[in-house]
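**Student:** Can you keep this structure in mind? I'll have questions shortly.
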Amino acid sequence: MAQIKTLADLQAVKERVYATMKTRVEAFDKSLSQIRIAMATSGISAGAKEIFDYMIEKTDERQIKAVITQTGVIAEGNNQPVVVEVVMPDGQSKIYENVDKKSADAIMDSLKA
Amino acid sequence: MTKYKMHILVCGGPGCSASKSEQIAANLRSHLQQEGLEKEVNVVLTGCFGFCEAGPIIKIMPDNVFYVKVQPEDAKEIVNEHIIKGRMVERLLYTEPSNGQKTPLDTDTDFYKKQVRIALRNCGLIDPENIEEYIALDGYKALATCLTDYTPEKVIEIVSASGLSGRGGAGFPTGRKWAATAKSKAEQKYIVCNADEGDPGAFMDRSILEGDPHSVLEAMAIAGYAVGADKGLIYIRAEYPLAIHRLQIALDQAREKGLLGKDIFSTGFNFDIELRYGAGAFVCGEATALIHSMEGLRGEPTMKPPRTSDKGYLGMPTNVNNVETYANVPAIILKGADWFSSIGTENSKGTKVFALAGQIKNVGLIEVPMGITLREIIYEIGGGMKGGKKFKAIQTGGPSGGCLTEKHLDIPIDYKSLSDAGSMMGSGGMVIMDESSCMVSIAKFYLDFTVEESCGKCTPCRIGNKRLYELLDKITQGKGTMEDLDNLRNLSHVIKDTSLCGLGQSSPNPVLSTLDNFWDEYVEHVKEHKCRAGVCKALMKYEINPEVCVGCTACARNCPVNAIKGEKKQAHQINQEACIKCGTCMEKCKFGAISVK
Ligand SMILES: Cc1cc2nc3c(=O)[nH]c(=O)nc-3n(C[C@H](O)[C@H](O)[C@H](O)COP(=O)(O)O)c2cc1C
Ligand code: SF4
Ligand code: SF4
Ligand code: FES
């Protein structure tokens, strides 16, 4: 294990390890938007898992401040393939249906501002 | 490096580990592996979440959903339902006692809502056996900042300005203590961490050491820099094997990273820490006794002055602080004195960790801002009294503290208000009692403890406490007199005034506070030979109501000492001389003819 000899060394360890813990720590932060992806059986077969992975990777890459979680059925009786709900810090939420990678990009962009 | 999509935090605290949290973690890992998810979902064994009542606890992040009373067999369902399908496992959610609703978010529960976590900031969040997780949450940054940006004087100034005071019981201002040790001139100085935690029922310090050991190591190094010491000692009781194990791992990792040892952060500052084990005597938690015990001498307190800041371990200036006191320090350095002193009351700043126990719904570990009321602690955080019973008393401060009542529930608690009320902050034990507690017996319980734990050095403490105990015992036997009550009070004052150390000086507190707050109950024991709580067996009287008794003989046949006489189909009678008050007859009577007074 390399020794930590400067504040910069410490900062480097912090950043490297924090990245792996981000999803653990940041949900505590209520000022972040939450992106919830429906993972009921129909959602999974329709590719919800891929969208989930894609959004986790991209929000990180693009430094979009949001927490991504999976959930069961978003709106009862809603059988649309991939459903995503965005919950803003103020509690307002918006539901997107039929989400694919392209619309996922759009959703993420809408949070960037 | 893997960027985990989810984390399952499994409480590895004292309560939950006792109920198999390690097995839960192992099962979760194996099910995740079966599903090929081990690279996406991280299982972390953390320190205590505080909510020990509902343990074993697990928490799923970033969903922020927590599950209670989890069993190892539940692992499969949690992985299949929550992790894979994103559906909460309803049956494992916590039910809020105030409204009967299932609550997935721990932060929304009454238990957590009013808590402010500083000393416990990382407990239940990080893996205490991995220094990198501590660093990821700004660990060792306070030490780096002190060493590279602040002079030792500046560090002491910040700690002083924060208003932090000793969490080990006495509440002495920490900054002032550091300044005194800094001022002493000597070749060698020492930093000591008091992890003796001797109060019965207390587990605050233990939980910090088990859940976030580095916070204490970092703070000790900061204290070392501030006072000019390069050696630290942690005095920990040998009965805390898990805390010792985690400390050893933490020390090894900190040395490996160069965060302890020589030339820390390339500043020329050296600091290292050793562990010393205590045998678990309560008095060894007293600072001077602790030092003698570490020196290999008898663990007996000595006169102050000299203060330990002048002459401590091996005659050298020594700064002694409690575990929780240290755990606050890194946060104060990073967030500033103003931030810390904005929390709390006029004369007590910051937070205090308490161990809630007794007849309350949510037993566990809490951290609350100074100035919160006992009512908020009992009825909001604690969820109210168990079984809907009526609140009677709250004991704070352990064997050195006292019992407070209904009329104290609304005072904002801090060091001063608690001692004004006749109790003490102490190290943070809180026992909540309902009507089934007899206050004379409670006082007797604590005196029994102090008689056992007195080191015997001073006569008033050695003999006086024994006399107090005997008087209390006499009263619980129904043989007390009103004169005995006066004697209790007088003797208590003598012991307080003439004992050498804090043990003797505070040991009569449970007696005095119960005399003050529950006088009627003492008088009842003496004059009416009555124990309203039904605890003092000698004062109980089982009686058969001849109007109700049908003479079935069930009681007589079951009485272990043949104290019941009576013909078949005739009313029975209990021979009070022979009765040993076991209660069997009352249990066996199907007609409700037997009552106890
Ligand atoms: C009988 C007795 C037992 C004590 N036990 C402890 C203990 O277990 N842990 C502790 O930190 N302080 C204990 N203290 C208080 C210590 O003497 C000392 O005040 C404290 O460790 C100083 O640290 P602080 O200023 O950070 O609280 C005890 C005091 C007495 C009189
Ligand atoms: S069991 Fe009850 S009713 Fe029967 S003899 Fe005993 S006291 Fe009387
Ligand atoms: S309380 Fe026990 S000892 Fe006393 S009369 Fe009933 S059964 Fe016998
Ligand atoms: S030990 Fe698990 S919550 Fe306290």
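Naming works like this for the structure tokens: A, B, ... for the chains as they're shown, residue 1 at the start of each chain, ligands 1 onward in shown order.
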Could you give me, as a list in words, the residues within 7 Å of range 342-356 of chain B, counting only C-alpha atoms and dropping anything in the same chain fewer than 3 positions from it?
**Tutor:**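 Near neighbours after the sequence-gap exclusion: Gly163, Leu164, Ala202, Phe203, Met204, Asp338, Trp339, Val363, Gly364, Leu365, Ile366, Glu367, Val368, Pro369, Met370, Gly371, Asp414, Tyr415, Gly428, Gly429, Met430 and Val431 of chain B.
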**Student:** With a cut-off of 8 Å and counting only C-alpha atoms, select all residues of chain B in contact with chain A and give the selection as an MDAnalysis selection string.
**Tutor:** chainID B and resid 1:7 61:64 82 84:88 125 132:133 135:138 140:141 144 256:259 264:266
**Student:** What are the DSSP strand (DSSP E or B) residues of range 5-106 of chain A, as a list in words?
**Tutor:**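 Checking each residue of range 5-106 of chain A, the strand (DSSP E or B) ones are Ser33, Gln34, Ile35, Arg36, Ile37, Ala38, Ala66, Val67, Ile68, Thr69, Gln70, Thr71, Val84, Glu85, Val86, Val87, Ser93, Lys94, Ile95 and Tyr96 of chain A.
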**Student:** Considering only C-alpha atoms and all ligand atoms, tabulate each residue of chain B that lies at most 6 Å from ligand 1 along with its nearest interatomic pair and the corresponding distance in Å to one decimal; arrange the rows by chain and ascending residue number and present them as a tab-separated table.
**Tutor:**
residue	atom	partner	partner_atom_place_in_ligand_line	distance
B:Gly166	CA	ligand 1	27 (O)	3.1
B:Arg167	CA	ligand 1	27 (O)	4.2
B:Gly168	CA	ligand 1	27 (O)	3.3
B:Gly169	CA	ligand 1	15 (C)	5.3
B:Ala170	CA	ligand 1	19 (O)	5.3
B:Gly171	CA	ligand 1	27 (O)	5.8
B:Phe172	CA	ligand 1	25 (O)	5.2
B:Asn194	CA	ligand 1	11 (O)	4.5
B:Ala195	CA	ligand 1	9 (N)	5.6
B:Asp196	CA	ligand 1	8 (O)	4.2
B:Glu197	CA	ligand 1	8 (O)	3.3
B:Gly198	CA	ligand 1	8 (O)	4.4
B:Phe282	CA	ligand 1	3 (C)	5.6
B:Val283	CA	ligand 1	1 (C)	4.3
B:Gly285	CA	ligand 1	5 (N)	3.4
B:Glu286	CA	ligand 1	17 (O)	3.4
B:Ala287	CA	ligand 1	17 (O)	3.9
B:Val320	CA	ligand 1	22 (C)	5.4
B:Asn321	CA	ligand 1	26 (O)	3.3
B:Asn322	CA	ligand 1	11 (O)	3.7
B:Thr325	CA	ligand 1	26 (O)	4.8
B:Cys501	CA	ligand 1	31 (C)	5.5
B:Gly502	CA	ligand 1	31 (C)	3.3
B:Leu503	CA	ligand 1	1 (C)	3.9
**Student:** Can you tell me which residues sit at most 12 Å away from ligand 2, counting only C-alpha atoms and all ligand atoms, written as a PyMOL selection string?
**Tutor:** chain B and resi 542-559+563-574+583-595
**Student:** Would you output that residue set with N, CA and C atoms, as a CSV table (one decimal), in the first residue's frame?
**Tutor:**
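Dumped to out-v4.csv:
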chain,number,residue,atom,x,y,z
B,542,TYR,N,-49.6,-12.2,49.9
B,542,TYR,CA,-50.6,-12.9,49.0
B,542,TYR,C,-51.8,-13.2,49.9
B,543,GLU,N,-53.0,-12.9,49.4
B,543,GLU,CA,-54.2,-13.2,50.2
B,543,GLU,C,-55.2,-13.9,49.4
B,544,ILE,N,-56.0,-14.8,50.1
B,544,ILE,CA,-57.1,-15.5,49.4
B,544,ILE,C,-58.4,-14.8,49.9
B,545,ASN,N,-59.2,-14.4,48.9
B,545,ASN,CA,-60.5,-13.8,49.2
B,545,ASN,C,-61.5,-15.0,49.5
B,546,PRO,N,-61.9,-15.1,50.7
B,546,PRO,CA,-62.8,-16.2,51.1
B,546,PRO,C,-64.1,-16.2,50.4
B,547,GLU,N,-64.5,-15.0,49.9
B,547,GLU,CA,-65.8,-14.9,49.1
B,547,GLU,C,-65.7,-15.6,47.8
B,548,VAL,N,-64.5,-15.5,47.2
B,548,VAL,CA,-64.3,-16.0,45.8
B,548,VAL,C,-63.8,-17.4,45.8
B,549,CYS,N,-63.0,-17.8,46.8
B,549,CYS,CA,-62.4,-19.1,46.8
B,549,CYS,C,-63.5,-20.2,46.9
B,550,VAL,N,-63.3,-21.2,46.0
B,550,VAL,CA,-64.3,-22.3,46.0
B,550,VAL,C,-63.7,-23.6,46.6
B,551,GLY,N,-62.5,-23.5,47.1
B,551,GLY,CA,-61.9,-24.6,47.7
B,551,GLY,C,-61.5,-25.8,46.8
B,552,CYS,N,-60.9,-25.4,45.7
B,552,CYS,CA,-60.6,-26.4,44.7
B,552,CYS,C,-59.2,-27.1,45.0
B,553,THR,N,-58.4,-26.5,45.9
B,553,THR,CA,-57.2,-27.0,46.4
B,553,THR,C,-56.0,-26.8,45.5
B,554,ALA,N,-56.2,-26.2,44.3
B,554,ALA,CA,-55.1,-26.1,43.3
B,554,ALA,C,-53.9,-25.3,44.0
B,555,CYS,N,-54.2,-24.3,44.7
B,555,CYS,CA,-53.1,-23.5,45.2
B,555,CYS,C,-52.4,-24.3,46.3
B,556,ALA,N,-53.1,-24.9,47.2
B,556,ALA,CA,-52.4,-25.7,48.2
B,556,ALA,C,-51.5,-26.8,47.7
B,557,ARG,N,-52.0,-27.4,46.6
B,557,ARG,CA,-51.2,-28.5,46.0
B,557,ARG,C,-50.0,-28.0,45.4
B,558,ASN,N,-50.0,-26.8,44.9
B,558,ASN,CA,-48.8,-26.2,44.2
B,558,ASN,C,-47.9,-25.4,45.0
B,559,CYS,N,-48.3,-25.0,46.2
B,559,CYS,CA,-47.4,-24.2,47.0
B,559,CYS,C,-46.2,-24.9,47.4
B,563,ALA,N,-47.7,-23.6,52.4
B,563,ALA,CA,-48.1,-22.5,53.3
B,563,ALA,C,-49.6,-22.3,53.2
B,564,ILE,N,-50.3,-23.1,52.4
B,564,ILE,CA,-51.7,-22.9,52.3
B,564,ILE,C,-52.5,-24.1,52.9
B,565,LYS,N,-53.4,-23.7,53.8
B,565,LYS,CA,-54.2,-24.7,54.4
B,565,LYS,C,-55.7,-24.5,54.1
B,566,GLY,N,-56.5,-25.6,54.2
B,566,GLY,CA,-57.9,-25.4,53.9
B,566,GLY,C,-58.5,-26.8,53.6
B,567,GLU,N,-59.8,-27.0,54.0
B,567,GLU,CA,-60.5,-28.2,53.6
B,567,GLU,C,-61.0,-28.1,52.2
B,568,LYS,N,-61.2,-29.2,51.5
B,568,LYS,CA,-61.8,-29.2,50.2
B,568,LYS,C,-63.1,-28.5,50.2
B,569,LYS,N,-63.4,-27.7,49.2
B,569,LYS,CA,-64.7,-27.0,49.1
B,569,LYS,C,-64.9,-26.0,50.2
B,570,GLN,N,-63.8,-25.7,50.9
B,570,GLN,CA,-63.9,-24.6,51.9
B,570,GLN,C,-62.8,-23.5,51.6
B,571,ALA,N,-63.1,-22.3,52.0
B,571,ALA,CA,-62.1,-21.3,51.7
B,571,ALA,C,-60.8,-21.6,52.3
B,572,HIS,N,-59.7,-21.3,51.5
B,572,HIS,CA,-58.3,-21.6,51.9
B,572,HIS,C,-57.7,-20.4,52.6
B,573,GLN,N,-56.6,-20.6,53.3
B,573,GLN,CA,-55.9,-19.5,53.9
B,573,GLN,C,-54.4,-19.7,53.7
B,574,ILE,N,-53.7,-18.5,53.7
B,574,ILE,CA,-52.2,-18.6,53.5
B,574,ILE,C,-51.6,-18.2,54.8
B,583,GLY,N,-45.6,-16.6,44.3
B,583,GLY,CA,-46.6,-16.2,43.3
B,583,GLY,C,-47.3,-17.4,42.6
B,584,THR,N,-46.8,-18.6,42.9
B,584,THR,CA,-47.4,-19.8,42.2
B,584,THR,C,-48.9,-19.9,42.4
B,585,CYS,N,-49.3,-19.7,43.7
B,585,CYS,CA,-50.7,-19.9,44.0
B,585,CYS,C,-51.6,-19.0,43.2
B,586,MET,N,-51.2,-17.7,43.0
B,586,MET,CA,-52.0,-16.8,42.2
B,586,MET,C,-52.1,-17.2,40.8
B,587,GLU,N,-51.0,-17.8,40.3
B,587,GLU,CA,-51.0,-18.3,38.9
B,587,GLU,C,-51.9,-19.5,38.8
B,588,LYS,N,-51.9,-20.3,39.8
B,588,LYS,CA,-52.7,-21.6,39.6
B,588,LYS,C,-54.2,-21.4,39.9
B,589,CYS,N,-54.6,-20.4,40.6
B,589,CYS,CA,-56.0,-20.2,40.9
B,589,CYS,C,-56.8,-19.8,39.7
B,590,LYS,N,-57.7,-20.7,39.3
B,590,LYS,CA,-58.5,-20.4,38.1
B,590,LYS,C,-59.7,-19.4,38.4
B,591,PHE,N,-59.9,-19.1,39.7
B,591,PHE,CA,-61.0,-18.3,40.1
B,591,PHE,C,-60.7,-16.9,40.4
B,592,GLY,N,-59.4,-16.6,40.3
B,592,GLY,CA,-59.0,-15.2,40.7
B,592,GLY,C,-59.3,-14.8,42.1
B,593,ALA,N,-59.1,-15.8,43.0
B,593,ALA,CA,-59.4,-15.6,44.4
B,593,ALA,C,-58.2,-15.0,45.1
B,594,ILE,N,-57.0,-15.2,44.5
B,594,ILE,CA,-55.8,-14.8,45.2
B,594,ILE,C,-55.3,-13.4,44.6
B,595,SER,N,-54.9,-12.5,45.5
B,595,SER,CA,-54.4,-11.2,45.1
B,595,SER,C,-53.2,-10.9,45.9
**Student:** Extract, using only C-alpha atoms, all DNA, RNA and protein residues at most 12 Å from range 89-96 of chain B, discarding same-chain residues fewer than 6 positions from it, and format them as JSON, numbers by chain.
**Tutor:** {"A": [71, 72], "B": [51, 53, 54, 55, 56, 57, 58, 59, 60, 64, 65, 66, 67, 68, 69, 70, 71, 74, 75, 76, 77, 78, 79, 80, 81, 82, 83, 102, 103, 104, 105, 106, 107, 108, 109, 110, 111, 112, 361, 362, 380, 381, 382, 383, 384]}
**Student:** What lies within 6 Å of Val82 in chain A using only C-alpha atoms, ignoring chain neighbours under 6 positions off, as a PyMOL selection string?
**Tutor:** chain A and resi 43+48+97-99
**Student:** Identify, on the basis of only C-alpha atoms, every residue whose closest approach to Ala66 in chain A does not exceed 8 Å; exclude the query and any residue fewer than 2 positions from it along the same chain; express the result as a ChimeraX atom specification.
**Tutor:** /A:32-35,59,64,68,111
**Student:** Check the smallest atom-to-atom distance from each of B:Gly312, B:Gly211, B:Pro72, B:Gly268 to ligand 4 using only C-alpha atoms and all ligand atoms, then report the winner.
**Tutor:**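 Among the listed residues, B:Gly211 lies closest to ligand 4.
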**Student:** Between CA of Arg121 in chain B and CA of Arg276 in chain B, what is the distance, to one decimal in Å?
**Tutor:** 26.0 Å
**Student:** Going by DSSP on the backbone, which residues of range 37-96 of chain A come out as alpha helix (DSSP H)? List them as an NGL selection string.
**Tutor:** :A and (41-45 or 48-61)
